[in-house]
Structures are given as C-alpha cells and as structure tokens.
file final_18.txt (compact mmCIF, C-alpha atoms and all ligand atoms)
# COMPACT_ATOMS: atom_id res chain seq x y z
CA MET A 271 184.13 124.73 117.88
CA ARG A 272 185.55 127.57 119.89
CA ALA A 273 188.15 129.86 118.34
CA ILE A 274 190.12 132.78 119.71
CA VAL A 275 191.25 135.48 117.29
CA VAL A 276 194.00 137.81 118.54
CA GLY A 277 193.92 141.27 116.92
CA ALA A 278 190.96 143.24 115.55
CA GLY A 279 192.59 144.70 112.44
CA ILE A 280 191.14 144.03 109.00
CA GLY A 281 192.52 140.47 109.09
CA GLY A 282 191.29 139.55 112.58
CA LEU A 283 187.83 141.03 112.06
CA THR A 284 187.37 139.23 108.74
CA ALA A 285 188.64 135.99 110.28
CA THR A 286 186.11 136.37 113.11
CA LEU A 287 183.27 136.87 110.64
CA SER A 288 184.41 133.98 108.44
CA LEU A 289 184.74 131.58 111.36
CA ARG A 290 181.32 132.60 112.70
CA ARG A 291 179.87 132.09 109.24
CA ALA A 292 181.37 128.58 109.32
CA GLY A 293 179.38 127.95 112.50
CA HIS A 294 182.07 128.42 115.15
CA GLU A 295 182.00 130.39 118.37
CA VAL A 296 184.67 133.11 118.31
CA THR A 297 186.23 135.35 120.95
CA LEU A 298 188.05 138.30 119.40
CA ILE A 299 190.73 139.86 121.60
CA GLU A 300 192.08 143.35 120.90
CA GLN A 301 194.64 145.29 122.91
CA THR A 302 193.24 148.76 122.20
CA ALA A 303 190.33 150.08 124.24
CA ARG A 304 188.22 150.85 121.17
CA PHE A 305 187.90 149.48 117.66
CA THR A 306 189.99 151.89 115.65
CA ASP A 307 191.75 151.73 112.37
CA ILE A 308 194.20 154.48 111.80
CA GLY A 309 195.62 155.32 108.42
CA ALA A 310 193.75 156.76 105.51
CA GLY A 311 192.99 155.15 102.17
CA ILE A 312 192.87 151.57 101.07
CA GLN A 313 192.37 149.96 97.68
CA LEU A 314 190.37 146.75 97.59
CA ALA A 315 190.73 144.55 94.54
CA PRO A 316 188.05 142.04 93.51
CA ASN A 317 189.75 139.18 95.39
CA ALA A 318 188.93 141.08 98.62
CA THR A 319 185.54 142.55 97.64
CA ARG A 320 184.35 139.09 96.63
CA VAL A 321 184.93 137.96 100.21
CA LEU A 322 183.06 141.02 101.51
CA HIS A 323 180.17 140.08 99.25
CA ARG A 324 180.11 136.61 100.73
CA LEU A 325 179.99 138.13 104.22
CA ASP A 326 177.05 140.35 103.13
CA LEU A 327 179.16 143.46 103.70
CA LEU A 328 179.88 144.59 100.17
CA ASP A 329 176.92 146.95 99.90
CA VAL A 330 177.68 148.76 103.16
CA VAL A 331 181.38 149.07 102.28
CA ALA A 332 180.72 150.11 98.68
CA ALA A 333 178.31 152.82 99.84
CA GLN A 334 181.27 154.74 101.32
CA ALA A 335 183.74 153.92 98.54
CA VAL A 336 184.64 155.12 95.06
CA ARG A 337 184.69 152.77 92.07
CA PRO A 338 187.46 154.15 89.82
CA SER A 339 186.91 153.53 86.12
CA HIS A 340 190.64 152.95 85.60
CA VAL A 341 194.10 153.45 87.07
CA SER A 342 196.37 155.82 85.20
CA PHE A 343 200.18 155.35 85.31
CA ARG A 344 202.05 158.57 84.58
CA THR A 345 205.57 159.90 84.28
CA TRP A 346 206.84 161.99 87.15
CA SER A 347 208.06 165.06 85.32
CA ASP A 348 205.12 166.03 83.12
CA GLY A 349 202.33 163.53 83.81
CA THR A 350 202.43 161.89 80.38
CA GLU A 351 200.19 158.83 80.64
CA ILE A 352 202.28 155.66 80.29
CA CYS A 353 199.20 153.44 80.21
CA ARG A 354 195.85 152.91 81.88
CA TYR A 355 194.24 149.72 83.10
CA LEU A 356 190.50 149.24 83.45
CA LEU A 357 189.05 148.91 86.95
CA GLY A 358 185.39 149.87 86.50
CA ARG A 359 182.43 147.98 85.07
CA GLU A 360 184.65 145.91 82.74
CA ALA A 361 186.77 144.66 85.66
CA GLU A 362 183.68 143.91 87.74
CA ASP A 363 182.19 141.88 84.88
CA GLU A 364 185.47 140.05 84.35
CA PHE A 365 186.27 139.28 87.99
CA GLY A 366 182.79 139.09 89.51
CA ALA A 367 183.35 141.81 92.13
CA PRO A 368 184.20 145.53 92.05
CA TYR A 369 187.51 147.34 92.55
CA LEU A 370 186.93 149.83 95.37
CA VAL A 371 188.99 152.61 96.93
CA LEU A 372 187.88 153.85 100.33
CA HIS A 373 188.83 155.17 103.74
CA ARG A 374 190.30 152.40 105.90
CA ALA A 375 188.10 153.44 108.80
CA ASP A 376 184.97 152.85 106.69
CA LEU A 377 186.07 149.29 105.95
CA HIS A 378 187.13 148.68 109.53
CA GLN A 379 183.86 150.03 110.92
CA ALA A 380 181.76 147.92 108.56
CA LEU A 381 183.64 144.77 109.63
CA ALA A 382 183.56 145.68 113.33
CA ALA A 383 179.83 146.47 113.28
CA ALA A 384 179.14 142.96 111.96
CA VAL A 385 180.88 141.28 114.94
CA PRO A 386 178.47 140.78 117.88
CA THR A 387 179.62 142.69 120.97
CA PRO A 388 179.63 139.69 123.34
CA SER A 389 182.27 138.05 121.12
CA VAL A 390 184.75 140.88 121.69
CA ARG A 391 187.28 141.54 124.46
CA LEU A 392 188.72 145.02 124.03
CA ASN A 393 191.51 146.51 126.14
CA THR A 394 193.02 143.04 126.53
CA VAL A 395 196.65 142.35 125.67
CA VAL A 396 197.62 138.78 124.87
CA VAL A 397 201.01 138.00 126.39
CA GLY A 398 201.31 134.30 125.61
CA ILE A 399 199.87 131.41 123.66
CA ASP A 400 200.33 127.75 124.55
CA GLN A 401 198.72 124.50 123.55
CA ASP A 402 198.50 120.77 124.13
CA ASP A 403 196.96 118.00 122.02
CA GLU A 404 193.43 118.92 123.06
CA SER A 405 193.26 122.72 123.10
CA ALA A 406 195.07 126.04 122.75
CA CYS A 407 195.16 128.76 125.36
CA VAL A 408 195.95 132.48 125.44
CA THR A 409 197.21 134.31 128.51
CA THR A 410 196.28 137.96 128.91
CA ALA A 411 198.26 140.71 130.60
CA ASN A 412 195.99 140.56 133.65
CA GLY A 413 196.76 136.88 134.09
CA GLU A 414 193.56 135.46 132.69
CA ARG A 415 193.76 132.25 130.67
CA LEU A 416 191.26 131.61 127.87
CA GLY A 417 191.03 128.24 126.14
CA ALA A 418 189.72 127.24 122.71
CA ASP A 419 190.04 124.61 120.00
CA LEU A 420 192.19 126.97 117.97
CA VAL A 421 193.91 130.35 118.16
CA VAL A 422 194.32 132.66 115.17
CA ALA A 423 197.04 135.27 115.66
CA ALA A 424 196.13 138.27 113.49
CA ASP A 425 198.31 140.57 115.56
CA GLY A 426 199.87 142.53 112.72
CA ILE A 427 203.36 143.32 111.47
CA ARG A 428 204.84 143.51 114.99
CA SER A 429 203.31 140.13 115.85
CA ALA A 430 204.43 138.71 119.16
CA ALA A 431 202.68 135.43 118.32
CA ARG A 432 205.01 134.96 115.38
CA GLN A 433 207.94 135.05 117.78
CA TRP A 434 206.26 132.69 120.25
CA LEU A 435 205.61 130.21 117.43
CA PHE A 436 208.74 130.49 115.33
CA GLY A 437 211.35 132.30 117.40
CA ALA A 438 212.68 135.83 117.24
CA ASP A 439 212.70 137.56 113.91
CA GLU A 440 212.19 141.26 113.41
CA ALA A 441 210.24 143.34 110.95
CA VAL A 442 212.52 144.31 108.06
CA PHE A 443 212.81 147.97 107.00
CA SER A 444 212.16 148.31 103.24
CA LYS A 445 214.22 151.51 103.04
CA THR A 446 211.12 153.35 101.86
CA ALA A 447 208.74 155.73 103.60
CA ALA A 448 205.28 156.94 102.60
CA TYR A 449 204.14 160.53 103.09
CA ARG A 450 200.40 160.22 103.66
CA ALA A 451 197.71 162.88 103.63
CA LEU A 452 193.98 163.36 103.14
CA LEU A 453 192.65 166.54 101.49
CA PRO A 454 189.13 167.70 100.70
CA SER A 455 188.69 166.86 96.99
CA ASN A 456 187.28 170.31 96.27
CA GLU A 457 190.61 171.87 97.29
CA VAL A 458 192.32 170.14 94.36
CA ALA A 459 189.40 170.18 91.89
CA ASP A 460 191.27 172.61 89.60
CA LEU A 461 194.05 170.04 88.99
CA GLY A 462 191.85 167.67 86.96
CA LEU A 463 193.17 164.53 88.63
CA PRO A 464 191.69 161.14 87.71
CA ASP A 465 190.02 158.94 90.38
CA LEU A 466 193.17 156.81 90.75
CA ALA A 467 196.69 157.43 89.47
CA LEU A 468 200.29 156.37 90.09
CA TRP A 469 203.06 158.72 89.01
CA LEU A 470 206.41 156.94 88.59
CA GLY A 471 209.79 158.62 89.03
CA PRO A 472 213.41 157.97 90.02
CA GLY A 473 213.46 156.53 93.53
CA ARG A 474 209.87 157.68 94.18
CA HIS A 475 206.25 157.20 93.27
CA PHE A 476 203.12 159.16 93.99
CA VAL A 477 199.65 157.65 94.37
CA HIS A 478 196.31 159.42 94.78
CA TYR A 479 192.70 158.33 94.82
CA ARG A 480 189.39 159.65 96.07
CA VAL A 481 187.66 158.12 99.09
CA ARG A 482 184.48 158.84 101.14
CA ARG A 483 182.23 158.84 98.08
CA GLY A 484 184.71 161.16 96.39
CA LYS A 485 184.79 163.85 99.06
CA LEU A 486 188.41 163.29 100.13
CA LEU A 487 191.60 162.74 98.17
CA ASN A 488 193.96 160.16 99.68
CA VAL A 489 197.63 160.75 98.90
CA VAL A 490 200.56 158.36 99.33
CA ALA A 491 203.97 159.66 98.23
CA VAL A 492 206.67 157.00 98.52
CA CYS A 493 210.40 157.64 98.50
CA GLY A 494 213.61 155.84 99.40
CA THR A 495 215.13 156.64 102.77
CA GLU A 496 217.66 155.26 105.23
CA ALA A 497 215.44 155.51 108.30
CA ALA A 498 211.77 155.96 109.17
CA GLN A 499 209.52 154.94 112.01
CA GLU A 500 206.71 152.42 111.41
CA SER A 501 203.91 154.60 112.72
CA TRP A 502 200.56 155.77 111.36
CA THR A 503 200.76 158.92 113.49
CA ALA A 504 204.36 160.17 113.05
CA ARG A 505 204.21 163.62 111.45
CA ALA A 506 206.42 164.81 108.61
CA GLU A 507 208.45 167.98 109.09
CA PRO A 508 206.73 171.01 107.49
CA GLY A 509 207.47 171.03 103.75
CA GLU A 510 209.52 167.81 103.92
CA GLN A 511 207.37 166.09 101.29
CA LEU A 512 207.81 169.02 98.91
CA ARG A 513 211.58 168.86 99.18
CA GLU A 514 211.47 165.10 98.48
CA PHE A 515 209.42 165.61 95.31
CA ASP A 516 211.23 168.70 94.09
CA GLY A 517 211.08 168.97 90.28
CA TRP A 518 207.96 166.78 89.88
CA ASP A 519 204.96 167.75 87.77
CA PRO A 520 203.33 170.92 89.22
CA ARG A 521 200.08 168.99 89.85
CA VAL A 522 201.92 166.60 92.18
CA LEU A 523 203.60 169.51 93.95
CA ASN A 524 200.31 171.36 94.21
CA VAL A 525 198.69 168.39 95.96
CA LEU A 526 201.65 168.03 98.31
CA GLU A 527 201.64 171.74 99.02
CA ARG A 528 197.92 171.89 99.78
CA ALA A 529 198.00 168.82 102.02
CA GLY A 530 197.50 170.06 105.57
CA GLN A 531 198.73 167.43 107.99
CA VAL A 532 201.22 165.04 106.44
CA PHE A 533 202.28 161.79 108.12
CA ARG A 534 205.47 159.86 107.43
CA TYR A 535 205.14 156.09 107.59
CA GLY A 536 208.23 153.87 107.49
CA ILE A 537 207.40 150.80 105.42
CA TYR A 538 208.42 147.48 106.94
CA THR A 539 207.88 143.89 105.86
CA ARG A 540 208.24 140.43 107.36
CA ALA A 541 210.41 137.74 105.79
CA PRO A 542 208.40 134.92 104.20
CA LEU A 543 207.91 131.91 106.48
CA PRO A 544 207.93 128.27 105.35
CA ARG A 545 204.80 127.73 107.49
CA TRP A 546 202.38 129.83 109.53
CA ASN A 547 200.91 127.25 111.90
CA ILE A 548 201.89 124.88 114.66
CA GLY A 549 199.25 122.50 115.99
CA ARG A 550 196.16 124.51 116.94
CA VAL A 551 197.67 127.97 116.46
CA THR A 552 198.11 129.88 113.22
CA LEU A 553 199.17 133.28 111.96
CA LEU A 554 196.99 135.32 109.58
CA GLY A 555 197.46 138.60 107.69
CA ASP A 556 200.46 140.85 108.32
CA SER A 557 201.74 138.64 111.15
CA ALA A 558 202.31 135.96 108.50
CA HIS A 559 203.19 137.96 105.40
CA ALA A 560 203.49 141.75 105.81
CA MET A 561 204.54 143.22 102.47
CA VAL A 562 205.39 146.57 100.92
CA PRO A 563 202.11 148.17 99.76
CA PHE A 564 203.10 148.62 96.11
CA GLN A 565 200.47 146.23 94.76
CA ALA A 566 197.86 147.45 97.28
CA GLN A 567 197.30 143.86 98.38
CA GLY A 568 198.33 143.51 102.06
CA ALA A 569 194.84 143.78 103.51
CA ALA A 570 193.35 141.94 100.54
CA GLN A 571 195.65 139.00 101.27
CA ALA A 572 194.63 139.09 104.94
CA ILE A 573 190.97 139.05 103.85
CA MET A 574 191.71 136.09 101.57
CA ASP A 575 193.43 134.27 104.45
CA ALA A 576 190.32 134.80 106.55
CA ALA A 577 187.99 133.49 103.86
CA VAL A 578 190.07 130.37 103.29
CA LEU A 579 190.45 129.78 107.03
CA GLY A 580 186.67 129.83 107.55
CA ASP A 581 186.23 127.60 104.56
CA THR A 582 188.85 125.06 105.62
CA LEU A 583 187.46 124.80 109.13
CA ALA A 584 183.82 124.64 108.06
CA ASP A 585 183.34 120.94 108.69
CA ALA A 586 186.28 120.29 111.00
CA THR A 587 185.91 118.72 114.46
CA PRO A 588 188.20 119.78 117.33
CA ALA A 589 190.41 116.76 116.72
CA GLU A 590 190.82 117.76 113.07
CA VAL A 591 191.97 121.34 113.74
CA PRO A 592 195.73 120.81 113.22
CA ALA A 593 195.13 119.08 109.87
CA ALA A 594 192.62 121.75 108.83
CA LEU A 595 195.14 124.50 109.66
CA ASP A 596 197.72 122.67 107.54
CA ARG A 597 195.25 122.79 104.64
CA TYR A 598 194.57 126.51 105.22
CA VAL A 599 198.28 127.29 105.09
CA ARG A 600 198.83 125.08 102.03
CA ARG A 601 196.07 126.93 100.20
CA ARG A 602 197.30 130.41 101.09
CA LEU A 603 201.05 130.44 101.65
CA ALA A 604 202.28 130.33 98.04
CA THR A 605 199.89 133.08 96.90
CA ALA A 606 200.62 135.43 99.80
CA THR A 607 204.37 134.82 99.60
CA GLY A 608 204.22 135.41 95.84
CA MET A 609 202.43 138.71 96.47
CA GLN A 610 205.16 139.77 98.91
CA ALA A 611 207.77 139.24 96.16
CA ARG A 612 205.58 140.81 93.47
CA SER A 613 205.04 143.91 95.61
CA ALA A 614 208.78 144.29 96.24
CA ARG A 615 209.49 143.95 92.49
CA ALA A 616 206.83 146.56 91.70
CA GLY A 617 208.65 149.01 93.97
CA GLU A 618 211.92 148.46 92.11
CA GLU A 619 210.19 148.95 88.74
CA PHE A 620 208.28 152.03 89.84
CA HIS A 621 211.48 153.68 91.06
CA LEU A 622 213.78 153.12 88.06
CA PRO A 623 216.00 156.10 87.19
CA ASP A 624 215.24 157.98 84.00
CA GLY A 625 216.93 156.31 81.03
CA PRO A 626 216.69 153.17 78.91
CA GLU A 627 215.42 150.92 81.71
CA ALA A 628 212.55 153.26 82.55
CA GLN A 629 211.72 153.65 78.86
CA GLU A 630 211.65 149.87 78.49
CA ARG A 631 209.38 149.59 81.52
CA ASN A 632 207.00 152.19 80.09
CA ALA A 633 206.88 150.45 76.72
CA ARG A 634 206.28 147.09 78.42
CA MET A 635 203.45 148.48 80.56
CA ALA A 636 201.80 150.17 77.56
CA ALA A 637 202.01 146.98 75.49
CA TYR A 638 200.61 144.91 78.34
CA ALA A 639 197.72 147.33 78.91
CA ALA A 640 196.85 147.38 75.20
CA GLU A 641 196.71 143.62 75.09
CA ASN A 642 195.21 142.75 78.48
CA ARG A 643 193.13 145.77 79.59
CA PHE A 644 193.60 144.80 83.28
CA LEU A 645 196.55 145.22 85.69
CA PRO A 646 199.17 142.43 85.58
CA GLN A 647 198.33 141.54 89.18
CA ALA A 648 194.73 140.96 88.06
CA THR A 649 195.76 137.42 87.15
CA THR A 650 195.64 136.79 90.92
CA TRP A 651 192.02 138.04 91.11
CA ALA A 652 190.87 135.70 88.37
CA ALA A 653 187.81 133.63 89.07
CA ASP A 654 189.63 130.31 88.71
CA ALA A 655 192.32 131.19 91.24
CA LEU A 656 189.73 132.53 93.64
CA ASP A 657 187.39 129.59 93.32
CA GLU A 658 190.29 127.32 94.09
CA GLN A 659 191.25 129.46 97.08
CA THR A 660 187.87 130.45 98.42
CA PRO A 661 185.19 128.00 97.37
CA SER A 662 181.85 128.89 98.90
C1 LIG B 701 200.95 153.00 103.45
C2 LIG B 701 200.19 151.71 103.33
C3 LIG B 701 199.20 151.57 102.37
C4 LIG B 701 198.50 150.37 102.24
N1 LIG B 701 197.56 150.27 101.26
C5 LIG B 701 196.91 149.08 101.09
C6 LIG B 701 195.92 148.95 100.06
O1 LIG B 701 195.65 149.89 99.32
N2 LIG B 701 195.28 147.74 99.92
C7 LIG B 701 195.55 146.67 100.75
O2 LIG B 701 194.94 145.59 100.57
N3 LIG B 701 196.50 146.77 101.73
C8 LIG B 701 197.16 147.94 101.93
N4 LIG B 701 198.10 148.06 102.92
C9 LIG B 701 198.38 146.90 103.79
C10 LIG B 701 197.38 146.77 104.91
O3 LIG B 701 197.27 148.00 105.60
C11 LIG B 701 197.80 145.68 105.91
O4 LIG B 701 198.25 144.55 105.21
C12 LIG B 701 196.61 145.25 106.76
O5 LIG B 701 196.04 146.37 107.42
C13 LIG B 701 197.05 144.22 107.81
O6 LIG B 701 195.94 143.86 108.62
P1 LIG B 701 196.15 142.89 109.86
O7 LIG B 701 194.76 142.70 110.42
O8 LIG B 701 196.93 141.69 109.48
O9 LIG B 701 197.06 143.69 110.89
P2 LIG B 701 196.77 145.04 111.70
O10 LIG B 701 195.85 145.92 110.98
O11 LIG B 701 198.10 145.57 112.10
O12 LIG B 701 195.99 144.56 113.01
C14 LIG B 701 196.63 143.92 114.10
C15 LIG B 701 195.78 144.12 115.34
O13 LIG B 701 196.27 143.31 116.40
C16 LIG B 701 196.24 144.05 117.60
N5 LIG B 701 197.25 143.42 118.49
C17 LIG B 701 198.59 143.34 118.27
N6 LIG B 701 199.19 142.68 119.28
C18 LIG B 701 198.21 142.31 120.15
C19 LIG B 701 198.22 141.61 121.39
N7 LIG B 701 199.34 141.11 121.92
N8 LIG B 701 197.04 141.43 122.05
C20 LIG B 701 195.87 141.91 121.52
N9 LIG B 701 195.82 142.60 120.34
C21 LIG B 701 196.97 142.79 119.66
C22 LIG B 701 196.59 145.47 117.16
O14 LIG B 701 196.19 146.42 118.11
C23 LIG B 701 195.81 145.57 115.87
O15 LIG B 701 194.47 146.02 116.06
C24 LIG B 701 198.80 149.26 103.09
C25 LIG B 701 199.78 149.40 104.07
C26 LIG B 701 200.47 150.60 104.19
C27 LIG B 701 201.53 150.71 105.23
call {"tool": "encode", "arguments": {"input": "final_18.txt", "output": "structure tokens"}}
result
Amino acid sequence: MRAIVVGAGIGGLTATLSLRRAGHEVTLIEQTARFTDIGAGIQLAPNATRVLHRLDLLDVVAAQAVRPSHVSFRTWSDGTEICRYLLGREAEDEFGAPYLVLHRADLHQALAAAVPTPSVRLNTVVVGIDQDDESACVTTANGERLGADLVVAADGIRSAARQWLFGADEAVFSKTAAYRALLPSNEVADLGLPDLALWLGPGRHFVHYRVRRGKLLNVVAVCGTEAAQESWTARAEPGEQLREFDGWDPRVLNVLERAGQVFRYGIYTRAPLPRWNIGRVTLLGDSAHAMVPFQAQGAAQAIMDAAVLGDTLADATPAEVPAALDRYVRRRLATATGMQARSARAGEEFHLPDGPEAQERNARMAAYAAENRFLPQATTWAADALDEQTPS
C-alpha cells in the first residue's frame, strides 16, 4: 500500500520506518527545509527503546546515550533523597529494553538516517487533507495533490490536521514553563550530581541528566506561570531562572547559574480526543495526545503509536485501511490518554507546597520504591502490556 506521513518529528519518522517495515511504500512530508530536531534532552523508557530495537536502531541510538543506573528524587531545599528507583541493568532485565537518556537530535538523526531519501519531501507544507472511499489525498502549499491509501498526520502539538478532521480546538496552556539548558558536564563535575535526578519543591521541579555519552548535562527547570510561549528557541531573560528558584539547594542554583544560554518553553497540551481517525486518515503522536512532559513519555507514546500502526496495517489491503486504523486507535487511545492524565497528576504531586501533603507524598514514594524498585509508571512498560500493544 501507499501511505503519506505528514511531519518528520520523532512520531512521523518512527511511523515511516514502521510502515516501511510492514511492507508499505511511504512518502514522508515535512515543512522544514532540513531534518532538524530542536530541543535538548529526552528520556526514553523501555516501551520506546523496545520499538527502536525492533527497527534495528537501538545500538546506534544507545551509542550516543547514557544509561542511568537509577533516578533520584530529592527535596528542593537541601537535596535529601526522598527515594530512588532503579533504571539500569535491573530495569533492562525486567522490561527487556534499556532506559536511555540522550540528546533529542541524536535520536532524531538516527531515525532520519534510516529513512531512504527518495521517500522524503522536505520544504513542503501540507495545507489540506481530503479523502473518498478509495483513497486519501494531501494538498501542498504549492498546489500539488498527492494521493495514497492512507494519510498519517504526525504534525505535532499545533496540528492543522487535527482541526481539519475534528474541527477547531486549540492547544491548552498548562500554566507551566520549562527553563532548559545544556552545560558541559565537566563544568558541574564538582557538584557530585547523579546521572538522573528530579528535585521537587513548591510550585516547581528541577530535572537534570547527562546526555551525549555523559559529556553534556541537560537541565529542565519547571515552574508555574501565567504566560509563556510554546517555543524551543525563546530565550529566558538573564538570571530569570535563578530568581524563580531562589532559596533552592545551592547545587541547583549552581547549575542554573553556570548554564550559559537558557531557553524558556511554555508547556502546552491537547485535550484528549474520543477518536483519532476518520476513514483513511489518522493522527499520531502529539497531534493526537500532546501531554505535559512530567512522566517523560510524550515521544515514547508517539513511538508506541508508530509501532502499533505498522503492526495493525501489516496485512491490510487498501480496502481494509479504515478498519485497520480503527484497530490502531483502539489499541493506543486508552494508554496514551491515560498517560496524559498521569503526567498532569505527576505535575500536581511534584509541586505540592511544603507541609503535610508533601510529607505524605514523600513517604508514599519511599514506600513504593522500597517495595517495587521501579518507577510507578513502569507498570506501563511491562512486557505484558507491550506485547499486547506491539506484538512483533
Ligand atoms: C520540555 C519537554 C521535555 C520533554 N521530554 C520528553 C522526554 O524526556 N521523553 C519523551 O518521551 N517525551 C518528552 N517530551 C515530549 C516530546 O518532545 C513530544 O511528545 C514529541 O517530540 C512529539 O513528537 P511528534 O513527532 O508527535 O511531534 P513534533 O516533534 O512536533 O513533529 C511534528 C512535525 O510536523 C511538521 N509539520 C507540522 N505541520 C506540518 C505541515 N502542515 N506540513 C508539513 N509538516 C508539518 C513539523 O515541522 C514537525 O517536524 C518532552 C516535551 C517537552 C516540551
């Protein structure tokens, strides 16, 4: 069959590779002139790295990544460890794939390099999608019309396809912003930071992990705010991040102080949809289920969508596409929607004010870690759930 994928982000690239692996011919259309992924770090849980393994990309991705032995949750004011969850060898043995942290560009490049050049149309903006019983068609900004048996709209949080399919709805501001920075790891070596940690405080949390084989430290400092632009390139005012985190543990302030260029990213989400597909056209990734990044699962869910899509369409004929897309959405929607809610709840828990509620949270997390060893969200990486969602 012939498929068109709109958008060459992590979701669209993985969908292209999964559909090709299922034996289909794919045209990938991207509005930018070059394959680029802006942003800095990304965490990839075993549900995502298992899909990379299936696409024969795990080794190349892992070669640029760091495999943290654990994630440490800490209190904001003095860094007391609330609990730690295992992410290293034990998690890999348990879930059949590693937990990786890496630079987004390294992941994006590995995916893009695996897509054959003739399948790609860069510098091409899709301005419309239509369909009839037999085929689906995209219209580009220069008036070209391209037909296929199905169209996958992986066009991100600002998805126009979502509006064409389901009517106008806007991205929703989460009232949080992330200060993001990358520092050479050797500039913070004296602080003795672990490979991956989350520091929790009133109305804020602070995340750091090493990427690029440990050479760089990726920093994400999240705080509540009334307004912020959704942009990977909007710069913070000088010292703004320090003022936001005033009074935090000196190690946090040291990192924020030493960060050179700091970006301020307004975090937006999309409301859950009751369905993602109509006929021969479907949404995938952030266009379907953009979420706050507090479980580090947005891209992982897009990767899972892509794996299930390829799987569901493996034996489908052109006539069977609408039914196959129904099955894809049935297999993915509840999990991705659940992760949207889970991520939002995590934000509320991370940001509790000091006092009995925060103490209760800390005690709960410590008890859970002692009993289960792995993060609560690891139940969604479990082999059973994955086999059901992404059978090979
Ligand atoms: C601060 C932050 C930290 C995060 N950390 C993590 C993490 O640790 N782990 C994780 O799993 N997720 C994380 N996420 C979430 C993750 O970044 C997103 O869920 C993921 O990148 C979405 O991928 P996508 O392919 O769906 O969309 P996008 O990456 O937005 O790609 C959409 C693509 O479509 C193209 N496009 C759009 N419209 C058109 C058009 N009309 N015609 C042609 N092309 C078009 C765009 O140019 C773009 O290339 C984080 C997000 C944020 C904001």
call {"tool": "residues_around", "arguments": {"input": "final_18.txt", "residues": "A:Ala383", "least_positions_apart": "4", "cutoff": "12 Å", "atoms": "only C-alpha atoms", "output": "VMD selection string"}}
result
chain A and resid 278 283 to 284 286 to 287 305 to 306 327 330 to 331 375 to 379 387 389 to 390
call {"tool": "closest_residue", "arguments": {"input": "final_18.txt", "among": "A:Met271, A:Leu322, A:Val442, A:Leu356", "to": "A:Pro646", "atoms": "all atoms listed in the file"}}
result
A:Leu356
call {"tool": "atom_distance", "arguments": {"input": "final_18.txt", "atom1": "atom CA of A:Pro464", "atom2": "atom CA of A:Ser339"}}
result
9.1 Å
call {"tool": "residues_near_ligand", "arguments": {"input": "final_18.txt", "ligand": "ligand LIG 701 (chain B)", "cutoff": "6 Å", "atoms": "all atoms listed in the file", "output": "mmCIF file with C-alpha atoms, in the frame of the given file"}}
result
data_model
loop_
_atom_site.group_PDB
_atom_site.id
_atom_site.type_symbol
_atom_site.label_atom_id
_atom_site.label_comp_id
_atom_site.auth_asym_id
_atom_site.auth_seq_id
_atom_site.Cartn_x
_atom_site.Cartn_y
_atom_site.Cartn_z
ATOM 1 C CA VAL A 276 194.000 137.810 118.540
ATOM 2 C CA GLY A 277 193.920 141.270 116.920
ATOM 3 C CA ALA A 278 190.960 143.240 115.550
ATOM 4 C CA GLY A 279 192.590 144.700 112.440
ATOM 5 C CA ILE A 280 191.140 144.030 109.000
ATOM 6 C CA GLY A 281 192.520 140.470 109.090
ATOM 7 C CA GLY A 282 191.290 139.550 112.580
ATOM 8 C CA ILE A 299 190.730 139.860 121.600
ATOM 9 C CA GLU A 300 192.080 143.350 120.900
ATOM 10 C CA GLN A 301 194.640 145.290 122.910
ATOM 11 C CA THR A 302 193.240 148.760 122.200
ATOM 12 C CA ILE A 312 192.870 151.570 101.070
ATOM 13 C CA GLN A 313 192.370 149.960 97.680
ATOM 14 C CA LEU A 314 190.370 146.750 97.590
ATOM 15 C CA THR A 394 193.020 143.040 126.530
ATOM 16 C CA VAL A 395 196.650 142.350 125.670
ATOM 17 C CA VAL A 396 197.620 138.780 124.870
ATOM 18 C CA VAL A 397 201.010 138.000 126.390
ATOM 19 C CA ALA A 424 196.130 138.270 113.490
ATOM 20 C CA ASP A 425 198.310 140.570 115.560
ATOM 21 C CA GLY A 426 199.870 142.530 112.720
ATOM 22 C CA ILE A 427 203.360 143.320 111.470
ATOM 23 C CA SER A 429 203.310 140.130 115.850
ATOM 24 C CA ALA A 448 205.280 156.940 102.600
ATOM 25 C CA ILE A 537 207.400 150.800 105.420
ATOM 26 C CA GLY A 555 197.460 138.600 107.690
ATOM 27 C CA ASP A 556 200.460 140.850 108.320
ATOM 28 C CA SER A 557 201.740 138.640 111.150
ATOM 29 C CA ALA A 560 203.490 141.750 105.810
ATOM 30 C CA PRO A 563 202.110 148.170 99.760
ATOM 31 C CA ALA A 566 197.860 147.450 97.280
ATOM 32 C CA GLN A 567 197.300 143.860 98.380
ATOM 33 C CA GLY A 568 198.330 143.510 102.060
ATOM 34 C CA ALA A 569 194.840 143.780 103.510
ATOM 35 C CA ALA A 570 193.350 141.940 100.540
ATOM 36 C CA ALA A 572 194.630 139.090 104.940
#
call {"tool": "residues_around", "arguments": {"input": "final_18.txt", "residues": "A:Ala604", "least_positions_apart": "3", "cutoff": "12 Å", "atoms": "all atoms listed in the file", "output": "list in words"}}
result
Pro542, Leu543, Pro544, Arg545, Trp546, Ala558, His559, Gln571, Asp575, Tyr598, Val599, Arg600, Arg601, Thr607, Gly608, Met609, Gln610, Ala611, Arg612, Thr650 and Gln659 of chain A
call {"tool": "closest_residue", "arguments": {"input": "final_18.txt", "among": "A:Asn524, A:Asn456, A:Thr552, A:Gln565", "to": "A:Arg615", "atoms": "only C-alpha atoms"}}
result
A:Gln565
call {"tool": "atom_distance", "arguments": {"input": "final_18.txt", "atom1": "atom CA of A:Val522", "atom2": "atom CA of A:Met561"}}
result
25.7 Å
call {"tool": "atom_distance", "arguments": {"input": "final_18.txt", "atom1": "atom CA of A:Leu595", "atom2": "atom CA of A:Ala418"}}
result
14.4 Å
